[in-house]
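Data first, discussion second: the structure below is written as structure tokens.
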Amino acid sequence: MRRISANYIYPVSQPPIKNGIVEVDNLGVIQKIIDTKGDLRESRKLEFFNGIIVPGFVNSHCHLELSDLKDKISKKQGLPKFLEEIITSRKFTKHAKANVLELYDSFMKQEGIIAVGDICNTSDTILIKEKSKIYYHTFVEAIGLQEHAEKIFAKSIRLSQEFKNKNLASSIVPHAPYSVSKELLELIRDHAENENTIISIHNQESNAENEMFIGATGGLIDTFRRVRIDLGTFKATGKTSIKSILRHLPTNNNIIFVHNTFTSKEDIDLVNENIKKAFWCLCPKSNLNLEKRLPNIDLFKRLSNVIIGTDSLASNDNLSILDEMKVINKYYPEIKFDKLIKWGTLNGAKALKIYNKYGSIDIGKSPGLNLISNFDFDKMQITEESKIKVLV
């Protein structure tokens with residue numbers, strides 16, 4: 001049994017506790033939370049740290065299998081150019097790639113990440129996830145605008161089953177509105193409804209996505225033509241992408257909308273009216289690297305269902321939720337840390353349906369414990385110098 005304390009404990013599920021104490025067993029399960037009322041006198045085998053203690057982070061959107069593309073894809077060229085380079089990039093050998101995946105799985109653990117919603121198109125990450133200390137929910141991504149939706153879906157079913165055979169959580173998801181046909185979306189929807197699975201979908205990461213749906217113009221259309229991707233039976237709808245596909249999504253499943261860089265208040269309100277368990281995932285560093293802009297976070301900070309992801313090393317320089325929080329704090333300093341830490345922990349755990357174990361410091365949970373040092377106690381906020389140390 002360990003007894004751990006700091007200047008503040010942030011359970012997330014309740015207000016911060018000044019000079020609080022957390023008792024955790026050898027398996028990482030929280031046994032007791034002690035509110036000292038700010039008067040820390042107990043000293044029996046007590047470990048005290050300068051800073052704040054928070055639960056392990058939840059990275060709600062990642063592409064671990066793209067880690068071998070770090071520093072190989074152009075930055076700040078926009079999503080269409082990014083996708084073109086992803087499609088045409090040469091990958092490492094299988095052995096070399098496995099070493100890279102293991103390295104960044106370990107890096108995320110060192111950065112205090114305890115759970116990840118991870119996008120996959122291959123089985124490359126299975127061995128890493130089998131032995132990882134991180135909990136992974138694998139989103140097997142189905143892609144295809146052309147015909148043969150049933151063939152594409154069947155392939156996704158087989159890949160998802162490979163993960164499940166290793167006792168790894170997995171569900172089948174659409175890549176993005178612009179890359180999935182109506183027929184394929186409906187196959188995914190029906191399967192999700194039958195199995196009560198979690199959906200994740202890239203949403204409005206680029207204005208080119210909306211341009212494609214509104215008038216069949218823009219950078220994505222040009223990219224598809226250059227790389228000779230068949231647009232199949234795609235037709236413009238005259239509406240934004242999310243409005244165009246909303247009726248093809250399940251209404252009662254957890255659905256994670258990722259990026260939302262060009263999402264409007266009207267789009268948000270429409271989704272929240274129609275999708276009962278919508279989650280809005282922000283990946284700010286990736287957005288700045290690709291489109292040189294952030295989502296309008298003023299529209300999201302009023303919501304209770306915001307979560308945070310890192311995206312991939314193809315579009316980011318590391319996989320750190322703390323760094324993503326620093327970016328949000330830099331551009332939106334009015335967002336209080338109490339809200340920011342909830343986005344990076346408990347909300348993500350709810351999105352991935354693992355909040356019974358992760359996301360908050362509560363008795364009976366094993367959420368991991370992170371120390372954040374160099375914390376601004378006057379503003380009660382992280383700083384550019386804030387660092388993570390994994391305690392449990």
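Simple scheme: letters A, B, ... for chains in structure tokens order, numbers from 1 for residues in each chain, numbers from 1 for ligands in the order shown.
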Polymer residues at most 8 Å from Ser200 in chain A, only C-alpha atoms, same-chain spacing of 2 or more positions, as a count of residues only: 10
Selection: 9 Å around Pro295 in chain A, only C-alpha atoms, excl. self and same-chain fewer than 2 positions, as a PyMOL selection string: chain A and resi 205+259-263+282+284+287+293+297-300
What are the closest atom pairs, with distances in Å to one decimal, for all residues of range 159-211 of chain A lying within 12 Å of range 333-354 of chain A? Consider only C-alpha atoms, order rows by chain and residue number, and present the result as a tab-separated table.
```
residue	atom	partner	partner_atom	distance
A:Ala169	CA	A:Leu352	CA	9.8
A:Ser170	CA	A:Leu352	CA	10.6
A:Ser171	CA	A:Leu352	CA	10.9
A:Asn196	CA	A:Lys353	CA	11.0
A:Thr197	CA	A:Leu352	CA	9.7
A:Ile198	CA	A:Leu352	CA	7.1
A:Ile199	CA	A:Ala351	CA	9.5
A:Ser200	CA	A:Ala351	CA	9.7
```
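The residue set within 7 Å of Ile321 in chain A, counting only C-alpha atoms and dropping same-chain residues fewer than 6 places from it, reads Phe57, Asn59, Gly309, Thr310 and Gly344 of chain A.
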Residue set, range 98-270 of chain A restricted to helix (DSSP H, G or I), as a PyMOL selection string: chain A and resi 98-110+126-131+149-164+177-179+182-195+207-215+219-226+241-248+265-270
Long-range neighbours of Lys32 in chain A as a ChimeraX atom specification, 7 Å cut-off, only C-alpha atoms, 3 positions minimum in chain: /A:22-23,363
May I have the selected residues written with C-alpha atoms, as a compact mmCIF listing (two decimals), in the first residue's frame?
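Once written, out-v2.txt looks like this:
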```
# COMPACT_ATOMS: atom_id res chain seq x y z
CA VAL A 22 -4.53 8.98 -1.93
CA GLU A 23 -4.02 5.42 -0.74
CA ILE A 363 -12.24 4.36 -4.64
```
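The closest residue to Ser74 in chain A, picked from A:Ile143, A:Ile245, A:Ala314, A:Ile268 and counting only C-alpha atoms, is A:Ala314.
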A:Ser106, A:Asn19, A:Asn121, A:Ser5 ranked by distance to Lys155 in chain A, top pick (using only C-alpha atoms):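 Using only C-alpha atoms, the shortest distance to Lys155 in chain A belongs to A:Asn121.
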Coordinates-based distance that separates CA of Lys389 in chain A from CA of Asp105 in chain A (Å, one decimal):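 So the answer is 16.3 Å.
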Residues within 10 Å of Leu127 in chain A, only C-alpha atoms, excluding chain neighbours under 4 positions, as a PyMOL selection string: chain A and resi 98+101-102+123+131-132+163+166
Could you save those same residues with N, CA and C atoms as an mmCIF file, in the first residue's frame?
```
data_model
loop_
_atom_site.group_PDB
_atom_site.id
_atom_site.type_symbol
_atom_site.label_atom_id
_atom_site.label_comp_id
_atom_site.auth_asym_id
_atom_site.auth_seq_id
_atom_site.Cartn_x
_atom_site.Cartn_y
_atom_site.Cartn_z
ATOM 1 N N ALA A 98 7.765 -2.318 -36.215
ATOM 2 C CA ALA A 98 7.405 -2.842 -34.902
ATOM 3 C C ALA A 98 8.214 -2.171 -33.803
ATOM 4 N N LEU A 101 6.746 1.316 -33.256
ATOM 5 C CA LEU A 101 5.466 1.257 -32.552
ATOM 6 C C LEU A 101 5.666 1.004 -31.065
ATOM 7 N N GLU A 102 6.575 0.107 -30.752
ATOM 8 C CA GLU A 102 6.870 -0.193 -29.343
ATOM 9 C C GLU A 102 7.436 1.030 -28.639
ATOM 10 N N SER A 123 -3.106 -4.929 -39.073
ATOM 11 C CA SER A 123 -2.910 -5.667 -37.813
ATOM 12 C C SER A 123 -1.540 -5.371 -37.184
ATOM 13 N N LYS A 131 0.980 -6.711 -25.204
ATOM 14 C CA LYS A 131 1.882 -6.637 -24.048
ATOM 15 C C LYS A 131 1.959 -5.249 -23.423
ATOM 16 N N SER A 132 1.230 -4.294 -23.982
ATOM 17 C CA SER A 132 1.283 -2.922 -23.475
ATOM 18 C C SER A 132 0.597 -2.797 -22.121
ATOM 19 N N PHE A 163 -8.152 -8.530 -33.626
ATOM 20 C CA PHE A 163 -7.902 -7.853 -32.350
ATOM 21 C C PHE A 163 -8.698 -8.511 -31.231
ATOM 22 N N LYS A 166 -7.391 -11.589 -29.567
ATOM 23 C CA LYS A 166 -6.322 -11.362 -28.592
ATOM 24 C C LYS A 166 -6.834 -10.607 -27.366
#
```
Skipping near chain neighbours, those fewer than 3 positions away, what residues fall within 12 Å of Phe377 in chain A using only C-alpha atoms, listed as an mmCIF file with N, CA and C atoms, in the first residue's frame?
```cif
data_model
loop_
_atom_site.group_PDB
_atom_site.id
_atom_site.type_symbol
_atom_site.label_atom_id
_atom_site.label_comp_id
_atom_site.auth_asym_id
_atom_site.auth_seq_id
_atom_site.Cartn_x
_atom_site.Cartn_y
_atom_site.Cartn_z
ATOM 1 N N ASN A 7 0.395 19.039 -3.330
ATOM 2 C CA ASN A 7 -0.247 20.307 -2.977
ATOM 3 C C ASN A 7 -1.755 20.245 -3.219
ATOM 4 N N TYR A 8 -2.124 19.588 -4.322
ATOM 5 C CA TYR A 8 -3.543 19.357 -4.603
ATOM 6 C C TYR A 8 -3.710 17.989 -5.249
ATOM 7 N N LYS A 18 -6.979 20.110 -1.393
ATOM 8 C CA LYS A 18 -5.695 20.682 -0.989
ATOM 9 C C LYS A 18 -5.000 19.772 0.014
ATOM 10 N N ASN A 50 5.644 17.950 -4.768
ATOM 11 C CA ASN A 50 5.286 19.323 -5.105
ATOM 12 C C ASN A 50 4.617 19.339 -6.483
ATOM 13 N N GLY A 51 3.378 19.801 -6.506
ATOM 14 C CA GLY A 51 2.621 19.834 -7.747
ATOM 15 C C GLY A 51 1.202 19.359 -7.502
ATOM 16 N N ILE A 52 0.565 18.851 -8.533
ATOM 17 C CA ILE A 52 -0.788 18.325 -8.401
ATOM 18 C C ILE A 52 -0.823 16.886 -8.911
ATOM 19 N N PHE A 337 -8.575 24.965 -15.544
ATOM 20 C CA PHE A 337 -7.917 23.658 -15.538
ATOM 21 C C PHE A 337 -8.886 22.544 -15.146
ATOM 22 N N ILE A 372 1.735 16.448 -11.972
ATOM 23 C CA ILE A 372 2.055 17.583 -12.839
ATOM 24 C C ILE A 372 2.813 18.599 -11.998
ATOM 25 N N SER A 373 4.075 18.813 -12.341
ATOM 26 C CA SER A 373 4.900 19.795 -11.626
ATOM 27 C C SER A 373 4.926 21.106 -12.400
ATOM 28 N N ASN A 374 5.534 22.128 -11.815
ATOM 29 C CA ASN A 374 5.569 23.470 -12.412
ATOM 30 C C ASN A 374 4.156 23.954 -12.730
ATOM 31 N N MET A 380 -4.088 28.576 -10.794
ATOM 32 C CA MET A 380 -4.573 27.189 -10.790
ATOM 33 C C MET A 380 -4.670 26.676 -12.224
ATOM 34 N N GLN A 381 -3.493 26.705 -12.904
ATOM 35 C CA GLN A 381 -3.438 26.348 -14.306
ATOM 36 C C GLN A 381 -2.053 25.778 -14.643
ATOM 37 N N ILE A 382 -2.014 24.923 -15.676
ATOM 38 C CA ILE A 382 -0.721 24.439 -16.159
ATOM 39 C C ILE A 382 0.036 25.578 -16.818
ATOM 40 N N THR A 383 1.340 25.388 -17.010
ATOM 41 C CA THR A 383 2.186 26.373 -17.665
ATOM 42 C C THR A 383 2.954 25.690 -18.797
ATOM 43 N N SER A 386 5.185 23.038 -17.381
ATOM 44 C CA SER A 386 4.617 21.899 -16.661
ATOM 45 C C SER A 386 5.143 20.587 -17.225
#
```
Write out as a compact mmCIF listing (two decimals) with C-alpha atoms, in the first residue's frame which residues come within 12 Å of Ile275 in chain A when counting only C-alpha atoms, dropping same-chain ones fewer than 6 positions away.
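Once written, result_8.txt looks like this:
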```txt
# COMPACT_ATOMS: atom_id res chain seq x y z
CA ILE A 199 -17.98 4.87 -33.47
CA ILE A 242 -21.72 16.33 -41.25
CA LEU A 246 -25.84 12.39 -40.18
CA ARG A 247 -28.85 10.26 -41.12
CA HIS A 248 -26.51 7.35 -41.93
CA LEU A 249 -25.06 7.25 -38.39
CA PRO A 250 -26.50 5.42 -35.37
CA THR A 251 -28.34 7.63 -32.90
CA ASN A 252 -27.84 5.73 -29.62
CA ASN A 253 -24.16 4.69 -29.81
CA ASN A 254 -21.17 6.59 -28.46
CA ILE A 255 -19.87 8.55 -31.48
CA ILE A 256 -16.55 10.41 -31.37
CA PHE A 257 -16.30 13.26 -33.88
CA ASP A 267 -23.36 21.64 -37.13
CA ILE A 268 -22.71 21.03 -33.41
CA ASP A 269 -26.30 21.74 -32.40
CA ASN A 305 -18.78 16.06 -23.93
```
Minimum-distance residue to Thr233 in chain A, chosen among A:Gly368, A:Pro15, A:Gly144, A:Gly28 (using only C-alpha atoms):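 Smallest distance to Thr233 in chain A is found for A:Gly144.
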Atomic distance CA of Ile53 in chain A - CA of Ser67 in chain A, expressed in Å with one decimal: 29.2 Å
Which of range 100-232 of chain A fall in strand (DSSP E or B), as a list in words: Ile113, Ile114, Ala115, Val116, Gly117, Asp118, Ile119, Cys120, Tyr135, Tyr136, His137, Thr138, Phe139, Val140, Glu141, Ala142, Gly144, Ala169, Ser170, Ser171, Ile172, Val173, Pro174, Val180, Ile199, Ser200, Ile201, His202 and Asn203 of chain A
Those same residues, written as a short mmCIF file (atom, residue, chain, number, x, y, z; two decimals), in the first residue's frame with N, CA and C atoms?
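Result saved to out11.cif:
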```cif
data_model
loop_
_atom_site.label_atom_id
_atom_site.label_comp_id
_atom_site.auth_asym_id
_atom_site.auth_seq_id
_atom_site.Cartn_x
_atom_site.Cartn_y
_atom_site.Cartn_z
N ILE A 113 -0.25 8.57 -20.17
CA ILE A 113 -1.45 8.12 -20.88
C ILE A 113 -1.74 6.68 -20.49
N ILE A 114 -2.95 6.43 -20.03
CA ILE A 114 -3.29 5.10 -19.55
C ILE A 114 -4.29 4.38 -20.46
N ALA A 115 -4.94 5.14 -21.34
CA ALA A 115 -5.91 4.54 -22.27
C ALA A 115 -5.90 5.32 -23.58
N VAL A 116 -6.12 4.58 -24.69
CA VAL A 116 -6.02 5.18 -26.03
C VAL A 116 -7.14 4.66 -26.92
N GLY A 117 -7.78 5.57 -27.65
CA GLY A 117 -8.65 5.20 -28.75
C GLY A 117 -7.82 5.25 -30.02
N ASP A 118 -7.50 4.10 -30.58
CA ASP A 118 -6.48 4.02 -31.63
C ASP A 118 -7.07 3.57 -32.96
N ILE A 119 -6.81 4.35 -34.01
CA ILE A 119 -7.29 4.05 -35.36
C ILE A 119 -6.34 3.08 -36.05
N CYS A 120 -6.89 2.05 -36.70
CA CYS A 120 -6.06 1.07 -37.39
C CYS A 120 -6.64 0.72 -38.76
N TYR A 135 -4.36 0.61 -21.91
CA TYR A 135 -5.59 0.04 -22.43
C TYR A 135 -5.85 0.66 -23.81
N TYR A 136 -6.08 -0.18 -24.81
CA TYR A 136 -6.39 0.29 -26.16
C TYR A 136 -7.79 -0.14 -26.58
N HIS A 137 -8.54 0.79 -27.14
CA HIS A 137 -9.72 0.43 -27.92
C HIS A 137 -9.35 0.69 -29.37
N THR A 138 -9.34 -0.35 -30.19
CA THR A 138 -8.92 -0.22 -31.58
C THR A 138 -10.13 0.05 -32.47
N PHE A 139 -10.07 1.15 -33.19
CA PHE A 139 -11.08 1.49 -34.17
C PHE A 139 -10.59 1.04 -35.55
N VAL A 140 -11.15 -0.04 -36.05
CA VAL A 140 -10.79 -0.54 -37.38
C VAL A 140 -11.51 0.31 -38.41
N GLU A 141 -10.72 0.98 -39.24
CA GLU A 141 -11.24 1.99 -40.14
C GLU A 141 -11.63 1.40 -41.49
N ALA A 142 -12.87 1.60 -41.89
CA ALA A 142 -13.33 1.19 -43.22
C ALA A 142 -13.28 2.39 -44.15
N GLY A 144 -13.83 3.58 -48.39
CA GLY A 144 -14.23 3.22 -49.75
C GLY A 144 -15.39 4.05 -50.26
N ALA A 169 -10.11 -4.80 -27.21
CA ALA A 169 -11.37 -4.15 -27.58
C ALA A 169 -11.27 -3.56 -28.98
N SER A 170 -12.33 -3.74 -29.77
CA SER A 170 -12.27 -3.29 -31.16
C SER A 170 -13.68 -3.02 -31.69
N SER A 171 -13.79 -2.03 -32.57
CA SER A 171 -15.04 -1.79 -33.28
C SER A 171 -14.73 -1.27 -34.68
N ILE A 172 -15.71 -1.36 -35.56
CA ILE A 172 -15.53 -0.94 -36.96
C ILE A 172 -16.10 0.46 -37.13
N VAL A 173 -15.33 1.34 -37.77
CA VAL A 173 -15.72 2.74 -37.88
C VAL A 173 -15.45 3.27 -39.29
N PRO A 174 -16.17 4.33 -39.69
CA PRO A 174 -15.87 4.97 -40.97
C PRO A 174 -14.69 5.92 -40.81
N VAL A 180 -16.09 7.51 -47.42
CA VAL A 180 -16.94 6.34 -47.19
C VAL A 180 -18.26 6.53 -47.93
N ILE A 199 -18.35 4.35 -32.15
CA ILE A 199 -17.98 4.87 -33.47
C ILE A 199 -17.02 6.04 -33.30
N SER A 200 -16.04 6.11 -34.19
CA SER A 200 -15.16 7.28 -34.28
C SER A 200 -15.09 7.69 -35.74
N ILE A 201 -15.16 9.00 -36.01
CA ILE A 201 -15.11 9.45 -37.41
C ILE A 201 -14.41 10.80 -37.49
N HIS A 202 -13.46 10.92 -38.42
CA HIS A 202 -12.82 12.22 -38.67
C HIS A 202 -13.89 13.16 -39.23
N ASN A 203 -13.93 14.38 -38.71
CA ASN A 203 -14.99 15.29 -39.10
C ASN A 203 -14.48 16.70 -39.37
#
```
Of the listed residues A:Ser241, A:Glu384, A:Arg189, A:Thr223, that which approaches Glu211 in chain A most closely, counting only C-alpha atoms: A:Ser241
Minimum-distance residue to Asp317 in chain A, chosen among A:Leu288, A:Leu168, A:Lys243, A:Val29 (using only C-alpha atoms):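 Once distances to Asp317 in chain A are computed over only C-alpha atoms, the minimum belongs to A:Leu288.
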Pairwise distance for CA of Gln14 in chain A and CA of Lys276 in chain A, rounded to one decimal in Å: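 A separation of 24.5 Å between them.
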